[in-house]
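Visitor: Input structure: start.txt, which contains compact mmCIF, C-alpha atoms.
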```txt
# COMPACT_ATOMS: atom_id res chain seq x y z
CA MET A 1 15.06 -9.33 -31.00
CA PHE A 2 17.60 -11.02 -28.76
CA GLY A 3 17.89 -11.86 -25.08
CA ARG A 4 20.26 -12.92 -22.34
CA SER A 5 19.60 -14.68 -19.06
CA ASN A 6 21.77 -12.11 -17.24
CA PRO A 7 19.98 -8.73 -17.65
CA ALA A 8 23.03 -6.72 -16.53
CA ILE A 9 25.05 -7.91 -19.53
CA ILE A 10 22.82 -6.15 -22.05
CA ALA A 11 21.85 -2.97 -20.21
CA GLY A 12 22.25 0.42 -21.88
CA THR A 13 22.67 1.35 -25.52
CA THR A 14 26.43 0.76 -25.40
CA CYS A 15 25.74 -2.96 -25.86
CA ILE A 16 23.82 -2.48 -29.15
CA PRO A 17 26.85 -2.39 -31.52
CA ALA A 18 28.50 -5.32 -29.74
CA HIS A 19 25.37 -7.48 -30.02
CA ALA A 20 24.05 -6.24 -33.37
CA ASP A 21 24.59 -9.65 -34.99
CA ARG A 22 22.53 -11.38 -32.29
CA PHE A 23 19.23 -9.80 -33.31
CA GLN A 24 16.90 -12.32 -34.95
CA PRO A 25 13.93 -11.38 -37.15
CA ASN A 26 10.38 -12.07 -36.03
CA SER A 27 9.68 -14.29 -39.02
CA SER A 28 6.25 -15.41 -37.78
CA GLY A 29 4.85 -11.89 -37.75
CA ASP A 30 2.99 -12.66 -34.51
CA THR A 31 3.14 -10.59 -31.33
CA LEU A 32 6.45 -11.24 -29.59
CA ASN A 33 5.87 -13.48 -26.59
CA PHE A 34 8.86 -14.84 -24.65
CA GLY A 35 6.81 -16.63 -21.99
CA ARG A 36 7.57 -16.50 -18.29
CA THR A 37 11.22 -15.54 -18.02
CA ARG A 38 13.53 -13.38 -15.91
CA SER A 39 15.82 -12.77 -18.88
CA ALA A 40 16.26 -9.36 -20.50
CA TYR A 41 15.25 -8.92 -24.14
CA TRP A 42 15.98 -6.24 -26.72
CA VAL A 43 13.52 -5.53 -29.53
CA HIS A 44 14.49 -3.41 -32.54
CA PHE A 45 12.38 -2.09 -35.41
CA THR A 46 12.37 0.88 -37.77
CA VAL A 47 9.57 3.34 -38.43
CA ILE A 48 8.88 6.08 -40.97
CA ASN A 49 6.17 8.63 -40.22
CA GLN A 50 4.70 9.26 -43.66
CA SER A 51 1.90 11.54 -42.46
CA GLY A 52 3.92 13.88 -40.25
CA GLU A 53 1.18 13.68 -37.59
CA PRO A 54 1.87 12.77 -33.95
CA TRP A 55 1.20 9.15 -33.04
CA TYR A 56 0.94 7.22 -29.80
CA LEU A 57 3.19 4.21 -29.26
CA LEU A 58 1.44 1.66 -27.01
CA LEU A 59 2.48 -1.66 -25.50
CA ASP A 60 -0.79 -3.10 -24.20
CA SER A 61 0.78 -5.67 -21.89
CA LEU A 62 1.83 -5.89 -18.26
CA LEU A 63 5.46 -4.72 -18.15
CA GLY A 64 6.04 -4.00 -14.50
CA ASP A 65 9.79 -4.40 -14.09
CA GLU A 66 12.69 -2.83 -16.04
CA PHE A 67 11.88 -1.13 -19.34
CA ASP A 68 13.92 1.21 -21.55
CA LEU A 69 13.00 2.88 -24.83
CA TYR A 70 15.53 4.45 -27.18
CA VAL A 71 14.90 6.26 -30.46
CA MET A 72 17.76 7.10 -32.79
CA GLU A 73 18.21 8.46 -36.27
CA GLU A 74 19.57 6.44 -39.18
CA GLY A 75 23.36 6.21 -38.84
CA ALA A 76 23.43 7.67 -35.32
CA ASP A 77 26.05 6.52 -32.82
CA ALA A 78 24.18 4.19 -30.44
CA GLN A 79 26.60 4.96 -27.62
CA ARG A 80 25.50 8.60 -27.65
CA VAL A 81 21.80 7.78 -27.44
CA ASN A 82 20.12 7.86 -24.03
CA ALA A 83 16.80 8.63 -22.35
CA ALA A 84 17.34 12.38 -22.71
CA THR A 85 17.90 12.25 -26.47
CA THR A 86 14.90 9.94 -26.83
CA LEU A 87 12.60 12.52 -25.22
CA GLN A 88 12.71 14.71 -28.31
CA TYR A 89 10.99 11.90 -30.21
CA ALA A 90 8.89 10.09 -27.58
CA LYS A 91 7.38 11.51 -24.38
CA PRO A 92 6.20 8.85 -21.88
CA LEU A 93 2.60 8.93 -20.61
CA ASN A 94 3.36 8.26 -16.96
CA ASP A 95 -0.28 8.22 -15.81
CA PHE A 96 -1.45 5.74 -18.44
CA ARG A 97 -2.27 2.15 -17.41
CA ARG A 98 0.22 0.68 -19.89
CA LYS A 99 3.60 1.62 -21.33
CA ALA A 100 2.77 4.40 -23.78
CA TRP A 101 4.47 7.39 -25.40
CA GLU A 102 3.38 10.41 -27.38
CA THR A 103 5.68 10.40 -30.38
CA HIS A 104 6.84 13.24 -32.61
CA PHE A 105 8.67 11.64 -35.50
CA PRO A 106 9.83 13.89 -38.38
CA GLN A 107 7.92 13.23 -41.58
CA GLY A 108 9.66 10.86 -43.99
CA GLU A 109 12.66 10.25 -41.72
CA LYS A 110 13.69 6.70 -40.92
CA LEU A 111 14.11 6.13 -37.18
CA HIS A 112 15.36 3.12 -35.24
CA ILE A 113 13.49 2.13 -32.09
CA TYR A 114 15.07 -0.11 -29.46
CA MET A 115 13.26 -1.52 -26.44
CA ARG A 116 14.81 -3.40 -23.55
CA ALA A 117 12.67 -5.14 -20.94
CA THR A 118 12.66 -7.60 -18.09
CA ASN A 119 9.39 -8.62 -16.45
CA GLY A 120 10.19 -10.24 -13.13
CA ASN A 121 7.79 -13.08 -12.43
CA ALA A 122 5.38 -12.43 -15.30
CA ILE A 123 5.05 -13.29 -18.98
CA LEU A 124 7.07 -11.00 -21.24
CA ARG A 125 5.08 -9.83 -24.31
CA PHE A 126 5.62 -6.99 -26.78
CA PRO A 127 2.24 -6.13 -28.41
CA ILE A 128 3.51 -3.00 -30.23
CA GLU A 129 0.89 -0.60 -31.60
CA PHE A 130 0.85 2.88 -33.12
CA LEU A 131 -2.45 4.72 -32.55
CA SER A 132 -3.82 8.03 -33.75
CA ASN A 133 -5.06 10.65 -31.27
CA THR A 134 -8.67 9.57 -31.75
CA ALA A 135 -7.95 5.85 -31.42
CA MET A 136 -5.85 6.39 -28.30
CA LEU A 137 -8.58 8.48 -26.67
CA GLU A 138 -11.23 5.87 -27.43
CA ARG A 139 -9.03 3.07 -26.10
CA SER A 140 -8.25 4.99 -22.91
CA ASN A 141 -11.84 6.03 -22.17
CA GLY A 142 -13.22 2.58 -22.91
CA ASN A 143 -10.73 0.85 -20.62
CA HIS A 144 -11.22 3.26 -17.76
CA LEU A 145 -15.02 3.11 -17.90
CA LEU A 146 -15.14 -0.67 -18.11
CA LEU A 147 -12.47 -1.45 -15.54
CA GLY A 148 -13.40 1.42 -13.22
CA GLY A 149 -17.02 0.25 -13.18
CA LEU A 150 -15.99 -3.35 -12.56
CA TYR A 151 -13.66 -2.48 -9.68
CA SER A 152 -16.19 -0.12 -8.07
CA ALA A 153 -18.91 -2.79 -8.21
CA MET A 154 -16.59 -5.41 -6.70
CA LEU A 155 -15.56 -3.03 -3.91
CA LEU A 156 -19.20 -2.22 -3.06
CA LEU A 157 -20.05 -5.93 -3.05
CA ALA A 158 -17.14 -6.67 -0.70
CA ILE A 159 -18.25 -3.91 1.69
CA TYR A 160 -21.77 -5.30 1.65
CA GLN A 161 -20.46 -8.74 2.63
CA VAL A 162 -18.58 -7.23 5.58
CA VAL A 163 -21.78 -5.52 6.74
CA MET A 164 -23.63 -8.84 6.49
CA CYS A 165 -20.87 -10.57 8.46
CA VAL A 166 -21.12 -8.02 11.28
CA SER A 167 -24.93 -8.12 11.28
CA LEU A 168 -25.42 -11.88 11.12
CA ARG A 169 -22.13 -12.91 12.74
CA GLU A 170 -21.57 -15.43 9.95
CA SER A 171 -17.94 -16.03 8.91
CA SER A 172 -18.83 -17.14 5.38
CA TYR A 173 -19.63 -13.52 4.48
CA LEU A 174 -16.18 -12.47 5.65
CA PHE A 175 -14.49 -15.16 3.54
CA LEU A 176 -16.54 -14.04 0.53
CA SER A 177 -15.53 -10.43 1.10
CA ILE A 178 -11.85 -11.40 1.25
CA HIS A 179 -12.28 -13.46 -1.91
CA ILE A 180 -13.84 -10.53 -3.80
CA LEU A 181 -11.07 -8.15 -2.70
CA ALA A 182 -8.40 -10.69 -3.63
CA MET A 183 -9.92 -11.14 -7.09
CA LEU A 184 -10.12 -7.37 -7.49
CA ALA A 185 -6.41 -7.14 -6.69
CA THR A 186 -5.63 -10.03 -9.06
CA ILE A 187 -7.48 -8.41 -11.97
CA HIS A 188 -6.05 -4.97 -11.17
CA ARG A 189 -2.56 -6.46 -11.16
CA THR A 190 -2.71 -7.00 -14.92
CA ASN A 191 -5.30 -4.29 -15.73
CA PRO A 192 -4.31 -1.29 -13.57
CA THR A 193 -6.67 1.66 -13.29
CA PHE A 194 -6.17 3.22 -9.85
CA GLY A 195 -2.72 4.70 -9.27
CA TRP A 196 -2.70 3.92 -5.54
CA LEU A 197 -2.86 0.20 -6.38
CA GLY A 198 0.07 0.43 -8.76
CA PHE A 199 2.33 -1.58 -6.43
CA LEU A 200 0.32 -4.70 -7.30
CA SER A 201 1.68 -4.54 -10.87
CA ASP A 202 5.32 -4.85 -9.80
CA THR A 203 6.13 -8.07 -11.63
CA ASP A 204 9.46 -8.42 -9.81
CA SER A 205 7.82 -8.31 -6.37
CA TYR A 206 8.32 -11.28 -4.08
CA PHE A 207 4.58 -11.30 -3.33
CA PHE A 208 3.38 -10.77 -6.93
CA THR A 209 1.21 -13.91 -6.75
CA THR A 210 -0.21 -13.15 -3.28
CA PRO A 211 -3.63 -11.79 -4.41
CA LEU A 212 -4.35 -14.92 -6.46
CA LEU A 213 -3.31 -17.26 -3.64
CA LEU A 214 -5.43 -15.33 -1.14
CA GLY A 215 -8.34 -15.60 -3.55
CA ILE A 216 -7.98 -19.39 -3.75
CA THR A 217 -7.69 -19.73 0.04
CA SER A 218 -10.73 -17.56 0.77
CA TYR A 219 -12.78 -19.39 -1.87
CA LEU A 220 -12.00 -22.75 -0.28
CA LEU A 221 -12.97 -21.47 3.17
CA PHE A 222 -16.15 -19.84 1.84
CA SER A 223 -17.29 -22.90 -0.11
CA ARG A 224 -16.59 -25.12 2.91
CA GLN A 225 -18.97 -23.02 4.98
CA ILE A 226 -21.66 -22.77 2.29
CA LEU A 227 -21.63 -26.54 1.67
CA ASP A 228 -21.69 -27.14 5.44
CA LEU A 229 -18.84 -29.61 5.12
CA PRO A 230 -17.94 -29.69 8.84
CA ARG A 231 -21.33 -31.25 9.59
CA ASP A 232 -22.19 -33.29 6.50
CA TYR A 233 -18.80 -34.30 5.08
CA PRO A 234 -16.13 -34.15 7.82
CA LYS A 235 -13.49 -35.98 5.76
CA LEU A 236 -13.94 -33.67 2.78
CA ASN A 237 -13.88 -30.77 5.22
CA LYS A 238 -10.41 -31.84 6.36
CA VAL A 239 -9.22 -31.98 2.74
CA TYR A 240 -10.51 -28.45 2.15
CA GLY A 241 -8.75 -27.26 5.28
CA ILE A 242 -5.43 -28.88 4.35
CA VAL A 243 -5.52 -27.49 0.81
CA ALA A 244 -6.42 -24.02 2.09
CA LEU A 245 -3.54 -24.11 4.57
CA PHE A 246 -1.13 -25.29 1.88
CA VAL A 247 -2.16 -22.48 -0.49
CA LEU A 248 -1.88 -19.92 2.30
CA LEU A 249 1.63 -21.09 3.20
CA SER A 250 2.55 -20.94 -0.50
CA ILE A 251 2.41 -17.15 -0.30
CA GLY A 252 5.79 -17.20 1.42
CA ILE A 253 7.19 -20.02 -0.71
CA VAL A 254 6.28 -19.10 -4.30
CA GLY A 255 8.48 -16.00 -4.18
CA LEU A 256 11.52 -18.22 -3.65
CA PHE A 257 11.04 -19.55 -7.21
CA PRO A 258 10.46 -16.35 -9.20
CA GLY A 259 11.40 -17.98 -12.48
CA GLY A 260 8.94 -20.85 -12.08
CA LEU A 261 9.73 -24.51 -12.52
CA SER A 262 9.80 -24.29 -16.30
CA SER A 263 11.07 -20.78 -16.94
CA TYR A 264 12.86 -20.16 -20.22
CA ALA A 265 16.40 -18.79 -20.12
CA PRO A 266 18.06 -18.06 -23.50
CA THR A 267 21.78 -18.68 -23.89
```
Would you put the structure from the file into structure tokens?

Guide:
Amino acid sequence: MFGRSNPAIIAGTTCIPAHADRFQPNSSGDTLNFGRTRSAYWVHFTVINQSGEPWYLLLDSLLGDEFDLYVMEEGADAQRVNAATTLQYAKPLNDFRRKAWETHFPQGEKLHIYMRATNGNAILRFPIEFLSNTAMLERSNGNHLLLGGLYSAMLLLAIYQVVMCVSLRESSYLFLSIHILAMLATIHRTNPTFGWLGFLSDTDSYFFTTPLLLGITSYLLFSRQILDLPRDYPKLNKVYGIVALFVLLSIGIVGLFPGGLSSYAPT
């Protein structure tokens, strides 16, 4: 793999020959994890399909910004390889919750796979897996049942809190409802299930961290009401209020520092 802090420098397969000597082996054997970075990285590996059966290529990680996959034969001219030529080997599963492709690799033929990715404000990981049809189906069904059930339960609980707020005219129920919805959005951001919430997984979005910050704010306001701080602990109540206001204002500030205070930028 190799990376550059300026993603535009290493875009497209035309850069592969020029930067071939910059690729470094993953000597640890662990899943590639580049941390929180706005840099672009290329990953290269070879594969030989010994069975001749179709396999699924899966990256079970949040990759919500730029991503390119290229498959080329041994000795092929990298400058002639593009998304169209890759389709004959790997068809993307656009409705799947993660980056995944249905592959059709010729039996016994050595193929080179190149991946290029940036990940906006999020951690950049490459957990590469090849799964059989059965394993992919089990993984997909299990994830959808578990996450779909969790999100549905959280949504029903949030609606119930709104009903209680209207019935009892108690603001703490409203804060709890907002907190539940914010946590649902936070979890869904990294574990997407519903297509209409796909915008939450855009790792390059200015407001990528908004659900988490809303969750913290609503929790502070809810706990302040439950603990009855305004009456019993007025000073602590002021601290809660100040912290909640600071976190709420951070929604508009955090996006100004998309790389974080300690982001890693390779040279």

Visitor: At a cut-off of 7 Å, using all atoms listed in the file, what residues contact region 116-118 of chain A? Leave out same-chain residues fewer than 5 positions from it and give the result as JSON, numbers by chain.

Guide: {"A": [38, 39, 40, 41, 42, 43, 65, 66, 67, 68, 69]}

Visitor: Mind working out the centre and edge lengths of an axis-aligned box for region 68-80 of chain A, all listed atoms inside, 5 Å added to each side, rounded to one decimal in Å and written as JSON?

Guide:
```
{"center_x": 19.8, "center_y": 4.9, "center_z": -30.4, "size_x": 23.6, "size_y": 17.4, "size_z": 27.6}
```

Visitor: Please compute the CA of Asn26 (chain A)-CA of Phe126 (chain A) distance, one decimal, in Å.

Guide: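 Separation between CA of Asn26 (chain A) and CA of Phe126 (chain A): 11.6 Å.
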
Visitor: To one decimal place in Å, what is the distance between CA of Thr193 (chain A) and CA of Leu174 (chain A)?

Guide: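 Answer for the CA of Thr193 (chain A) to CA of Leu174 (chain A) separation: 25.5 Å.
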
Visitor: Go ahead and compute the interatomic distance for CA of Val247 (chain A) and CA of Leu220 (chain A), in Å to one decimal.

Guide: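 Atom-to-atom, CA of Val247 (chain A) to CA of Leu220 (chain A), that is 9.8 Å.
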
Visitor: Using all atoms listed in the file for the distances, tell me which of A:Trp55, A:Tyr70, A:Tyr114, A:Phe34 is nearest to Ala20 (chain A).

Guide: A:Tyr114

Visitor: With distances taken over only C-alpha atoms, which of A:Leu176, A:Leu184, A:Leu62, A:Leu124 is nearest to Leu150 (chain A)?

Guide: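 Checking each candidate against Leu150 (chain A), we get A:Leu184 as the closest.
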
Visitor: Identify which of the residues A:Thr203, A:Met154, A:Pro127, A:Glu138 lies closest to Arg36 (chain A), counting all atoms listed in the file when measuring atom-to-atom distances.

Guide: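 Smallest separation from Arg36 (chain A) among the options: A:Thr203.
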
Visitor: Tell me, as a list in words, which residues lie within 12 Å of Thr134 (chain A), counting only C-alpha atoms; anything in the same chain fewer than 6 positions away does not count.

Guide: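 Everything that qualifies: Pro54, Trp55, Tyr56, Ser140 and Asn141 of chain A.
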
Visitor: Give the answer as one residue: which of A:Ser132, A:Asn119, A:Thr103, A:Asn49 has the shortest atom-to-atom distance to Ala90 (chain A), using only C-alpha atoms?

Guide: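 So, comparing all the options, the nearest one is A:Thr103.
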
Visitor: Can you work out which one of A:Gln24, A:Ser152, A:Ser205, A:Thr217 has the shortest atom-to-atom distance to Phe246 (chain A), counting all atoms listed in the file?

Guide: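 Among the listed residues, the smallest separation from Phe246 (chain A) belongs to A:Thr217.
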
Visitor: With distances taken over all atoms listed in the file, which of A:Ala185, A:Ile113, A:Met136, A:Leu63 is nearest to Val81 (chain A)?

Guide: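 The shortest atom-to-atom distance to Val81 (chain A) comes from A:Ile113.
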